[in-house]
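Undergrad: I have a structure I would like to understand better, so I am pasting it below and will then ask my questions one at a time.
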Amino acid sequence: MIIKSACLTGVRKIEVRKRDLLLSDDQVLVKTHAAGICGSDKNLYNGIIPPSGGLNTEMNTSFSYPYFFGHEAGGTVVEVGKNVRNYKPGDKVMAFAWVETYSDYFKAREEELEPVPHGLSMDLASLGEPIGCAVFSGLSSKVQLGDSVAVIGMGFAGQVIAQVAKKKGAHQVIGVDVVEGKLKLATSLGLDHAVNSSETDPLSAILDLTQGQGADVVVEVAGTGEAVQLCNDAVKHNGTLVFYSWITQNINLNISRWHNNSPTVVNTGLVHHGIMQRHIWVPQAIRPVLLDQIKIEPLITHSYPLDKIDQAMETANNDPDAVKVMIRP
């Protein structure tokens, strides 16, 4: 069949192309309901490519132009290959792999999909992967009742993790970002303290709010070397430093505190813990959203049709108030 897909043709150059899609015996064909733009997609758009070029990473194919991409999406199964056993036409599914979801239809292997939990809207199902990953990170971050938690970076994942930390019983959640609009949004969703690091030294602010001890848990969600160093400096003696971002370039990091102050370092990347663990955790991570304990709809700040993918990427890339930009084929 002929489908329409967004294609990167150069740095910050993107267009929609028609192309053939052939379904193998082991694949599922999905009609896309919507797809989300992720920070890693923005990196590719800006020409920031993993040193491996995509090999030995979560990307299914090595990077070269022209490049079809996208991995956050939900939709309806319309056809299955003869070897497929777990899905049938009409099933609602969420993509959990780099399966070129900026398309009106996409194909995926069974293990690259998750079923949509009963009662979850298709808009939220289309964000099943980032929701699942962010909630899992919050649940796995070792936050305990009474803790002080600092979340560095208030994009989509940071907003979700901050909510989860508060629901887990954190005494105070401190959010750090350079964008005032994102901090105001997070405050409306329960953030206790908003620190604009373009105006205030974030380390001093965190130390002031924790009586000089540092946060019990710090979560890196900004994706920069500076953010990792801030987490490293802001974590309490014997506290927990949580990694979330996919940082593809080398960074410099002073880790002398790891020897002197014994922080626990946790990697909470759900999609990197293995497919079987992902199958177990996704329903548990989605459950607080289904129960309306975690608010997602306010984080969807922009929507565009597939034919305006160029405008969508520009918004995601340049609008400081953009949290989650959606593509609707």
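For the structure tokens, the naming scheme is as follows: chains receive sequential letters (A, B, ...) according to their order of presentation, residues are indexed from 1 within each chain, and ligands are indexed from 1 in presentation order.
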Determine, using only C-alpha atoms, which residues of stretch 140-196 of chain A have any atom at most 10 Å from an atom of stretch 311-320 of chain A, and tabulate each with its shortest atom pair and distance in Å to one decimal place, rows ordered by chain and then rising number, as a Markdown table.
TA:
```
| residue | atom | partner | partner_atom | distance |
| --- | --- | --- | --- | --- |
| A:Gly155 | CA | A:Pro320 | CA | 9.8 |
| A:Val178 | CA | A:Pro320 | CA | 8.9 |
| A:Val179 | CA | A:Pro320 | CA | 6.3 |
| A:Glu180 | CA | A:Pro320 | CA | 8.8 |
| A:Gly181 | CA | A:Pro320 | CA | 7.8 |
| A:Lys182 | CA | A:Pro320 | CA | 8.1 |
```
Undergrad: Env of stretch 249-259 of chain A: 9 Å cut, atoms = only C-alpha atoms, seq-sep filter 5 positions within chain, self excluded. Answer as a count of residues only.
TA: 14
Undergrad: For A:Ile286, which of A:Asp307, A:Asp104, A:Glu114, A:Asp147 is the closest residue, counting only C-alpha atoms?
TA: A:Glu114
Undergrad: With distances taken over only C-alpha atoms, which residue among A:Lys4, A:Lys82, A:Lys324, A:His71 lies nearest A:Gln27?
TA: A:Lys82
Undergrad: What residues in stretch 42-208 of chain A get the DSSP label alpha helix (DSSP H)? Please answer as an NGL selection string.
TA: :A and (42-45 or 122-125 or 128-140 or 156-167 or 180-188 or 202-208)
Undergrad: Given the selection you just returned, output its residues as a file containing C-alpha atoms, formatted as a JSON list (two decimals), in the first residue's frame.
TA:
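Saved as selection-v9.json:
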```json
[["chain", "number", "residue", "atom", "x", "y", "z"],
["A", 42, "LYS", "CA", 14.24, 16.86, 18.08],
["A", 43, "ASN", "CA", 17.88, 15.83, 18.38],
["A", 44, "LEU", "CA", 17.71, 14.02, 15.03],
["A", 45, "TYR", "CA", 15.93, 17.02, 13.51],
["A", 122, "MET", "CA", -6.61, 7.11, 22.11],
["A", 123, "ASP", "CA", -5.00, 10.53, 22.54],
["A", 124, "LEU", "CA", -3.34, 9.29, 25.72],
["A", 125, "ALA", "CA", -2.68, 5.88, 24.18],
["A", 128, "GLY", "CA", 1.63, 5.49, 25.90],
["A", 129, "GLU", "CA", 5.38, 5.16, 25.46],
["A", 130, "PRO", "CA", 6.40, 8.52, 27.00],
["A", 131, "ILE", "CA", 3.71, 8.22, 29.68],
["A", 132, "GLY", "CA", 4.79, 4.69, 30.57],
["A", 133, "CYS", "CA", 8.47, 5.63, 30.63],
["A", 134, "ALA", "CA", 7.97, 8.75, 32.75],
["A", 135, "VAL", "CA", 5.58, 7.16, 35.27],
["A", 136, "PHE", "CA", 7.88, 4.13, 35.53],
["A", 137, "SER", "CA", 10.77, 6.50, 36.25],
["A", 138, "GLY", "CA", 8.81, 8.17, 39.03],
["A", 139, "LEU", "CA", 7.74, 4.84, 40.50],
["A", 140, "SER", "CA", 11.32, 3.48, 40.32],
["A", 156, "PHE", "CA", 6.86, 16.29, 29.38],
["A", 157, "ALA", "CA", 8.74, 13.63, 31.35],
["A", 158, "GLY", "CA", 9.77, 16.03, 34.09],
["A", 159, "GLN", "CA", 6.18, 17.18, 34.53],
["A", 160, "VAL", "CA", 4.99, 13.59, 34.88],
["A", 161, "ILE", "CA", 7.82, 12.52, 37.22],
["A", 162, "ALA", "CA", 7.16, 15.53, 39.47],
["A", 163, "GLN", "CA", 3.50, 14.53, 39.77],
["A", 164, "VAL", "CA", 4.40, 10.92, 40.55],
["A", 165, "ALA", "CA", 6.90, 12.00, 43.21],
["A", 166, "LYS", "CA", 4.24, 14.11, 44.92],
["A", 167, "LYS", "CA", 1.70, 11.29, 44.79],
["A", 180, "GLU", "CA", 8.74, 30.22, 33.21],
["A", 181, "GLY", "CA", 5.68, 28.88, 31.37],
["A", 182, "LYS", "CA", 6.67, 25.26, 32.04],
["A", 183, "LEU", "CA", 7.27, 26.04, 35.71],
["A", 184, "LYS", "CA", 3.85, 27.69, 35.99],
["A", 185, "LEU", "CA", 2.23, 24.66, 34.37],
["A", 186, "ALA", "CA", 4.03, 22.33, 36.77],
["A", 187, "THR", "CA", 2.96, 24.48, 39.73],
["A", 188, "SER", "CA", -0.67, 24.22, 38.60],
["A", 202, "PRO", "CA", 19.49, 26.28, 41.04],
["A", 203, "LEU", "CA", 22.01, 24.59, 43.33],
["A", 204, "SER", "CA", 21.74, 27.37, 45.89],
["A", 205, "ALA", "CA", 17.95, 27.25, 45.66],
["A", 206, "ILE", "CA", 17.82, 23.48, 46.22],
["A", 207, "LEU", "CA", 20.25, 23.70, 49.15],
["A", 208, "ASP", "CA", 18.25, 26.56, 50.69]]
```
Undergrad: Skip A:Asp91 itself and residues of its chain fewer than 3 positions away, then list as a count of residues only all residues within 9 Å of it, counting only C-alpha atoms.
TA: 8
Undergrad: Give the answer as one residue: which of A:Pro288, A:Lys308, A:Met326, A:Ile152 has the shortest atom-to-atom distance to A:Tyr244, using only C-alpha atoms?
TA: A:Ile152
